[in-house]
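*Asks:* My structure file structure_21.cif, mmCIF, N, CA and C atoms, pLDDT in the B column; chains and numbers go by the auth columns, is below:
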data_entry
#
loop_
_atom_site.group_PDB
_atom_site.id
_atom_site.type_symbol
_atom_site.label_atom_id
_atom_site.label_comp_id
_atom_site.label_asym_id
_atom_site.label_seq_id
_atom_site.Cartn_x
_atom_site.Cartn_y
_atom_site.Cartn_z
_atom_site.B_iso_or_equiv
_atom_site.auth_seq_id
_atom_site.auth_asym_id
ATOM 1 N N MET A 1 88.516 71.377 96.677 58.00 1 A
ATOM 2 C CA MET A 1 88.910 72.130 97.850 58.00 1 A
ATOM 3 C C MET A 1 89.536 73.460 97.405 58.00 1 A
ATOM 4 N N THR A 2 89.215 74.518 98.076 72.00 2 A
ATOM 5 C CA THR A 2 89.745 75.838 97.772 72.00 2 A
ATOM 6 C C THR A 2 91.162 75.941 98.297 72.00 2 A
ATOM 7 N N GLU A 3 92.032 76.455 97.442 90.00 3 A
ATOM 8 C CA GLU A 3 93.415 76.636 97.858 90.00 3 A
ATOM 9 C C GLU A 3 93.651 78.103 98.205 90.00 3 A
ATOM 10 N N TYR A 4 94.224 78.328 99.359 94.00 4 A
ATOM 11 C CA TYR A 4 94.554 79.672 99.807 94.00 4 A
ATOM 12 C C TYR A 4 96.065 79.851 99.724 94.00 4 A
ATOM 13 N N LEU A 5 96.487 80.942 99.095 96.00 5 A
ATOM 14 C CA LEU A 5 97.905 81.190 98.881 96.00 5 A
ATOM 15 C C LEU A 5 98.409 82.324 99.760 96.00 5 A
ATOM 16 N N SER A 6 99.651 82.187 100.192 94.00 6 A
ATOM 17 C CA SER A 6 100.301 83.267 100.921 94.00 6 A
ATOM 18 C C SER A 6 100.584 84.407 99.950 94.00 6 A
ATOM 19 N N THR A 7 101.015 85.533 100.461 95.00 7 A
ATOM 20 C CA THR A 7 101.349 86.667 99.611 95.00 7 A
ATOM 21 C C THR A 7 102.436 86.293 98.614 95.00 7 A
ATOM 22 N N ALA A 8 103.473 85.630 99.081 96.00 8 A
ATOM 23 C CA ALA A 8 104.582 85.233 98.201 96.00 8 A
ATOM 24 C C ALA A 8 104.098 84.276 97.111 96.00 8 A
ATOM 25 N N LYS A 9 103.286 83.289 97.492 96.00 9 A
ATOM 26 C CA LYS A 9 102.779 82.318 96.517 96.00 9 A
ATOM 27 C C LYS A 9 101.785 82.968 95.554 96.00 9 A
ATOM 28 N N ALA A 10 100.987 83.904 96.049 97.00 10 A
ATOM 29 C CA ALA A 10 100.041 84.611 95.185 97.00 10 A
ATOM 30 C C ALA A 10 100.796 85.421 94.131 97.00 10 A
ATOM 31 N N ALA A 11 101.845 86.114 94.551 97.00 11 A
ATOM 32 C CA ALA A 11 102.661 86.888 93.608 97.00 11 A
ATOM 33 C C ALA A 11 103.303 85.968 92.583 97.00 11 A
ATOM 34 N N GLU A 12 103.837 84.850 93.038 97.00 12 A
ATOM 35 C CA GLU A 12 104.449 83.879 92.132 97.00 12 A
ATOM 36 C C GLU A 12 103.411 83.339 91.146 97.00 12 A
ATOM 37 N N TYR A 13 102.232 83.008 91.636 96.00 13 A
ATOM 38 C CA TYR A 13 101.145 82.500 90.804 96.00 13 A
ATOM 39 C C TYR A 13 100.792 83.493 89.689 96.00 13 A
ATOM 40 N N LEU A 14 100.818 84.786 90.035 95.00 14 A
ATOM 41 C CA LEU A 14 100.483 85.834 89.064 95.00 14 A
ATOM 42 C C LEU A 14 101.666 86.245 88.199 95.00 14 A
ATOM 43 N N GLY A 15 102.858 85.803 88.562 95.00 15 A
ATOM 44 C CA GLY A 15 104.044 86.120 87.772 95.00 15 A
ATOM 45 C C GLY A 15 104.584 87.521 88.004 95.00 15 A
ATOM 46 N N VAL A 16 104.395 88.028 89.223 95.00 16 A
ATOM 47 C CA VAL A 16 104.900 89.362 89.570 95.00 16 A
ATOM 48 C C VAL A 16 105.685 89.256 90.881 95.00 16 A
ATOM 49 N N SER A 17 106.446 90.294 91.194 97.00 17 A
ATOM 50 C CA SER A 17 107.171 90.314 92.460 97.00 17 A
ATOM 51 C C SER A 17 106.197 90.584 93.602 97.00 17 A
ATOM 52 N N ARG A 18 106.643 90.292 94.825 96.00 18 A
ATOM 53 C CA ARG A 18 105.792 90.583 95.981 96.00 18 A
ATOM 54 C C ARG A 18 105.535 92.081 96.095 96.00 18 A
ATOM 55 N N THR A 19 106.551 92.870 95.773 97.00 19 A
ATOM 56 C CA THR A 19 106.391 94.330 95.832 97.00 19 A
ATOM 57 C C THR A 19 105.328 94.798 94.852 97.00 19 A
ATOM 58 N N THR A 20 105.372 94.283 93.636 95.00 20 A
ATOM 59 C CA THR A 20 104.373 94.647 92.629 95.00 20 A
ATOM 60 C C THR A 20 102.988 94.199 93.074 95.00 20 A
ATOM 61 N N PHE A 21 102.905 93.005 93.618 96.00 21 A
ATOM 62 C CA PHE A 21 101.608 92.505 94.107 96.00 21 A
ATOM 63 C C PHE A 21 101.051 93.430 95.181 96.00 21 A
ATOM 64 N N TRP A 22 101.883 93.860 96.140 95.00 22 A
ATOM 65 C CA TRP A 22 101.417 94.761 97.199 95.00 22 A
ATOM 66 C C TRP A 22 101.005 96.115 96.643 95.00 22 A
ATOM 67 N N ARG A 23 101.754 96.620 95.676 95.00 23 A
ATOM 68 C CA ARG A 23 101.387 97.905 95.064 95.00 23 A
ATOM 69 C C ARG A 23 100.044 97.801 94.345 95.00 23 A
ATOM 70 N N LEU A 24 99.856 96.722 93.615 93.00 24 A
ATOM 71 C CA LEU A 24 98.581 96.527 92.921 93.00 24 A
ATOM 72 C C LEU A 24 97.437 96.379 93.916 93.00 24 A
ATOM 73 N N ARG A 25 97.671 95.657 94.996 94.00 25 A
ATOM 74 C CA ARG A 25 96.638 95.483 96.024 94.00 25 A
ATOM 75 C C ARG A 25 96.242 96.801 96.650 94.00 25 A
ATOM 76 N N LYS A 26 97.207 97.672 96.840 95.00 26 A
ATOM 77 C CA LYS A 26 96.915 98.965 97.451 95.00 26 A
ATOM 78 C C LYS A 26 96.008 99.796 96.540 95.00 26 A
ATOM 79 N N LYS A 27 96.276 99.729 95.248 94.00 27 A
ATOM 80 C CA LYS A 27 95.517 100.505 94.267 94.00 27 A
ATOM 81 C C LYS A 27 94.208 99.821 93.871 94.00 27 A
ATOM 82 N N HIS A 28 94.223 98.500 93.815 94.00 28 A
ATOM 83 C CA HIS A 28 93.075 97.689 93.382 94.00 28 A
ATOM 84 C C HIS A 28 92.855 96.571 94.412 94.00 28 A
ATOM 85 N N PRO A 29 92.106 96.853 95.459 95.00 29 A
ATOM 86 C CA PRO A 29 91.935 95.866 96.543 95.00 29 A
ATOM 87 C C PRO A 29 91.409 94.510 96.066 95.00 29 A
ATOM 88 N N ILE A 30 91.862 93.484 96.741 96.00 30 A
ATOM 89 C CA ILE A 30 91.402 92.110 96.518 96.00 30 A
ATOM 90 C C ILE A 30 91.075 91.514 97.882 96.00 30 A
ATOM 91 N N LYS A 31 90.074 90.684 97.915 95.00 31 A
ATOM 92 C CA LYS A 31 89.660 90.070 99.176 95.00 31 A
ATOM 93 C C LYS A 31 90.778 89.184 99.720 95.00 31 A
ATOM 94 N N ALA A 32 91.075 89.377 100.979 95.00 32 A
ATOM 95 C CA ALA A 32 92.061 88.553 101.673 95.00 32 A
ATOM 96 C C ALA A 32 91.355 87.817 102.807 95.00 32 A
ATOM 97 N N TYR A 33 91.837 86.625 103.111 94.00 33 A
ATOM 98 C CA TYR A 33 91.288 85.794 104.182 94.00 33 A
ATOM 99 C C TYR A 33 92.355 85.666 105.260 94.00 33 A
ATOM 100 N N PHE A 34 91.950 85.771 106.507 93.00 34 A
ATOM 101 C CA PHE A 34 92.894 85.718 107.618 93.00 34 A
ATOM 102 C C PHE A 34 92.574 84.526 108.505 93.00 34 A
ATOM 103 N N PHE A 35 93.456 83.538 108.490 88.00 35 A
ATOM 104 C CA PHE A 35 93.311 82.360 109.342 88.00 35 A
ATOM 105 C C PHE A 35 94.229 82.477 110.547 88.00 35 A
ATOM 106 N N GLU A 36 95.262 83.287 110.405 79.00 36 A
ATOM 107 C CA GLU A 36 96.192 83.600 111.486 79.00 36 A
ATOM 108 C C GLU A 36 96.200 85.118 111.590 79.00 36 A
ATOM 109 N N VAL A 37 96.489 85.633 112.729 80.00 37 A
ATOM 110 C CA VAL A 37 96.497 87.080 112.925 80.00 37 A
ATOM 111 C C VAL A 37 97.479 87.741 111.957 80.00 37 A
ATOM 112 N N SER A 38 96.993 88.690 111.194 85.00 38 A
ATOM 113 C CA SER A 38 97.806 89.517 110.289 85.00 38 A
ATOM 114 C C SER A 38 98.522 88.751 109.180 85.00 38 A
ATOM 115 N N VAL A 39 98.063 87.550 108.845 88.00 39 A
ATOM 116 C CA VAL A 39 98.676 86.794 107.755 88.00 39 A
ATOM 117 C C VAL A 39 97.618 86.589 106.669 88.00 39 A
ATOM 118 N N PRO A 40 97.628 87.433 105.624 93.00 40 A
ATOM 119 C CA PRO A 40 96.608 87.306 104.585 93.00 40 A
ATOM 120 C C PRO A 40 96.832 86.094 103.691 93.00 40 A
ATOM 121 N N ARG A 41 95.746 85.508 103.256 96.00 41 A
ATOM 122 C CA ARG A 41 95.749 84.409 102.282 96.00 41 A
ATOM 123 C C ARG A 41 94.788 84.801 101.166 96.00 41 A
ATOM 124 N N PHE A 42 95.040 84.276 99.977 97.00 42 A
ATOM 125 C CA PHE A 42 94.250 84.642 98.813 97.00 42 A
ATOM 126 C C PHE A 42 93.802 83.390 98.074 97.00 42 A
ATOM 127 N N LYS A 43 92.529 83.370 97.676 96.00 43 A
ATOM 128 C CA LYS A 43 91.988 82.254 96.889 96.00 43 A
ATOM 129 C C LYS A 43 92.480 82.379 95.450 96.00 43 A
ATOM 130 N N ARG A 44 92.835 81.240 94.865 95.00 44 A
ATOM 131 C CA ARG A 44 93.250 81.242 93.450 95.00 44 A
ATOM 132 C C ARG A 44 92.157 81.822 92.559 95.00 44 A
ATOM 133 N N SER A 45 90.917 81.443 92.809 94.00 45 A
ATOM 134 C CA SER A 45 89.812 81.923 91.966 94.00 45 A
ATOM 135 C C SER A 45 89.659 83.439 92.078 94.00 45 A
ATOM 136 N N ASP A 46 89.843 83.985 93.279 96.00 46 A
ATOM 137 C CA ASP A 46 89.795 85.444 93.455 96.00 46 A
ATOM 138 C C ASP A 46 90.949 86.113 92.718 96.00 46 A
ATOM 139 N N LEU A 47 92.135 85.494 92.781 96.00 47 A
ATOM 140 C CA LEU A 47 93.298 86.048 92.088 96.00 47 A
ATOM 141 C C LEU A 47 93.082 86.068 90.575 96.00 47 A
ATOM 142 N N ASP A 48 92.511 84.993 90.037 94.00 48 A
ATOM 143 C CA ASP A 48 92.240 84.931 88.596 94.00 48 A
ATOM 144 C C ASP A 48 91.282 86.042 88.178 94.00 48 A
ATOM 145 N N GLU A 49 90.214 86.193 88.922 94.00 49 A
ATOM 146 C CA GLU A 49 89.214 87.213 88.619 94.00 49 A
ATOM 147 C C GLU A 49 89.821 88.620 88.744 94.00 49 A
ATOM 148 N N TRP A 50 90.577 88.832 89.791 94.00 50 A
ATOM 149 C CA TRP A 50 91.208 90.130 90.048 94.00 50 A
ATOM 150 C C TRP A 50 92.220 90.472 88.954 94.00 50 A
ATOM 151 N N ALA A 51 93.021 89.483 88.540 93.00 51 A
ATOM 152 C CA ALA A 51 94.060 89.719 87.527 93.00 51 A
ATOM 153 C C ALA A 51 93.479 90.014 86.157 93.00 51 A
ATOM 154 N N ASN A 52 92.280 89.550 85.889 91.00 52 A
ATOM 155 C CA ASN A 52 91.651 89.805 84.586 91.00 52 A
ATOM 156 C C ASN A 52 91.496 91.290 84.282 91.00 52 A
ATOM 157 N N GLN A 53 91.372 92.107 85.291 87.00 53 A
ATOM 158 C CA GLN A 53 91.216 93.543 85.062 87.00 53 A
ATOM 159 C C GLN A 53 92.484 94.192 84.515 87.00 53 A
ATOM 160 N N PHE A 54 93.624 93.498 84.633 81.00 54 A
ATOM 161 C CA PHE A 54 94.884 94.052 84.173 81.00 54 A
ATOM 162 C C PHE A 54 95.276 93.557 82.774 81.00 54 A
ATOM 163 N N LYS A 55 94.519 92.638 82.220 78.00 55 A
ATOM 164 C CA LYS A 55 94.830 92.106 80.884 78.00 55 A
ATOM 165 C C LYS A 55 94.541 93.160 79.824 78.00 55 A
ATOM 166 N N GLU A 56 95.416 93.215 78.836 67.00 56 A
ATOM 167 C CA GLU A 56 95.194 94.135 77.722 67.00 56 A
ATOM 168 C C GLU A 56 94.279 93.449 76.713 67.00 56 A
ATOM 169 N N ASN A 57 93.398 94.218 76.134 55.00 57 A
ATOM 170 C CA ASN A 57 92.470 93.667 75.131 55.00 57 A
ATOM 171 C C ASN A 57 93.145 93.574 73.788 55.00 57 A
#
Would you mind writing the file's structure down as structure tokens?

*Replies:*
Amino acid sequence: MTEYLSTAKAAEYLGVSRTTFWRLRKKHPIKAYFFEVSVPRFKRSDLDEWANQFKEN
């Protein structure tokens, strides 16, 4: 089953603050899912793929 995370949980999962997560999202968009009006949720698999672009080689 796919797990959808709130903004706070997504930031925690990635190990960054909510503010940092929002700043990164603004600069590097990630797909968000809306099950409730104006409440974004994020798939763990999307977060993993998205975060890979920030890893240093």

*Asks:* Step one, run DSSP on the backbone; step two, keep only residues of stretch 4-50 of chain A assigned to alpha helix (DSSP H); then write them as a list in words.

*Replies:*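 DSSP-assigned alpha helix (DSSP H) residues in stretch 4-50 of chain A: Thr7, Ala8, Lys9, Ala10, Ala11, Glu12, Tyr13, Leu14, Arg18, Thr19, Thr20, Phe21, Trp22, Arg23, Leu24, Arg25, Lys26, Lys27, Arg44, Ser45, Asp46, Leu47, Asp48, Glu49 and Trp50 of chain A.
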
*Asks:* Could you list, as a PDB file with N, CA and C atoms, in the coordinates of the input, every residue matched by the PyMOL selection byres ((chain A and resi 40-56) around 6) in this structure?

*Replies:*
ATOM      1  N   GLU A   3      92.032  76.455  97.442  1.00 90.00           N
ATOM      2  CA  GLU A   3      93.415  76.636  97.858  1.00 90.00           C
ATOM      3  C   GLU A   3      93.651  78.103  98.205  1.00 90.00           C
ATOM      4  N   TYR A   4      94.224  78.328  99.359  1.00 94.00           N
ATOM      5  CA  TYR A   4      94.554  79.672  99.807  1.00 94.00           C
ATOM      6  C   TYR A   4      96.065  79.851  99.724  1.00 94.00           C
ATOM      7  N   LEU A   5      96.487  80.942  99.095  1.00 96.00           N
ATOM      8  CA  LEU A   5      97.905  81.190  98.881  1.00 96.00           C
ATOM      9  C   LEU A   5      98.409  82.324  99.760  1.00 96.00           C
ATOM     10  N   SER A   6      99.651  82.187 100.192  1.00 94.00           N
ATOM     11  CA  SER A   6     100.301  83.267 100.921  1.00 94.00           C
ATOM     12  C   SER A   6     100.584  84.407  99.950  1.00 94.00           C
ATOM     13  N   THR A   7     101.015  85.533 100.461  1.00 95.00           N
ATOM     14  CA  THR A   7     101.349  86.667  99.611  1.00 95.00           C
ATOM     15  C   THR A   7     102.436  86.293  98.614  1.00 95.00           C
ATOM     16  N   LYS A  31      90.074  90.684  97.915  1.00 95.00           N
ATOM     17  CA  LYS A  31      89.660  90.070  99.176  1.00 95.00           C
ATOM     18  C   LYS A  31      90.778  89.184  99.720  1.00 95.00           C
ATOM     19  N   ALA A  32      91.075  89.377 100.979  1.00 95.00           N
ATOM     20  CA  ALA A  32      92.061  88.553 101.673  1.00 95.00           C
ATOM     21  C   ALA A  32      91.355  87.817 102.807  1.00 95.00           C
ATOM     22  N   TYR A  33      91.837  86.625 103.111  1.00 94.00           N
ATOM     23  CA  TYR A  33      91.288  85.794 104.182  1.00 94.00           C
ATOM     24  C   TYR A  33      92.355  85.666 105.260  1.00 94.00           C
ATOM     25  N   PHE A  34      91.950  85.771 106.507  1.00 93.00           N
ATOM     26  CA  PHE A  34      92.894  85.718 107.618  1.00 93.00           C
ATOM     27  C   PHE A  34      92.574  84.526 108.505  1.00 93.00           C
ATOM     28  N   SER A  38      96.993  88.690 111.194  1.00 85.00           N
ATOM     29  CA  SER A  38      97.806  89.517 110.289  1.00 85.00           C
ATOM     30  C   SER A  38      98.522  88.751 109.180  1.00 85.00           C
ATOM     31  N   VAL A  39      98.063  87.550 108.845  1.00 88.00           N
ATOM     32  CA  VAL A  39      98.676  86.794 107.755  1.00 88.00           C
ATOM     33  C   VAL A  39      97.618  86.589 106.669  1.00 88.00           C
ATOM     34  N   ASN A  57      93.398  94.218  76.134  1.00 55.00           N
ATOM     35  CA  ASN A  57      92.470  93.667  75.131  1.00 55.00           C
ATOM     36  C   ASN A  57      93.145  93.574  73.788  1.00 55.00           C
TER      37      ASN A  57
END

*Asks:* The centre and edge lengths of an axis-aligned box containing all atoms of stretch 14-32 of chain A present in the file, extended by 5 Å on each side, are to be given in Å to one decimal, as AutoDock Vina command-line options.

*Replies:*
--center_x 98.4 --center_y 92.6 --center_z 95.3 --size_x 27.5 --size_y 25.7 --size_z 25.0

*Asks:* Would you mind reading off the distance between atom N of A:Ala8 and atom C of A:Pro29, one decimal, in Å?

*Replies:* 15.3 Å

*Asks:* Could you go through chain A and tell me which residues DSSP, when run on the backbone, assigns to strand (DSSP E or B), listing them as a PyMOL selection string?

*Replies:* chain A and resi 4-5+33-36+39-43

*Asks:* Between atom N of A:Thr2 and atom C of A:Lys27, what is the spacing in Å?

*Replies:*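 Atom N of A:Thr2 lies 26.1 Å from atom C of A:Lys27.
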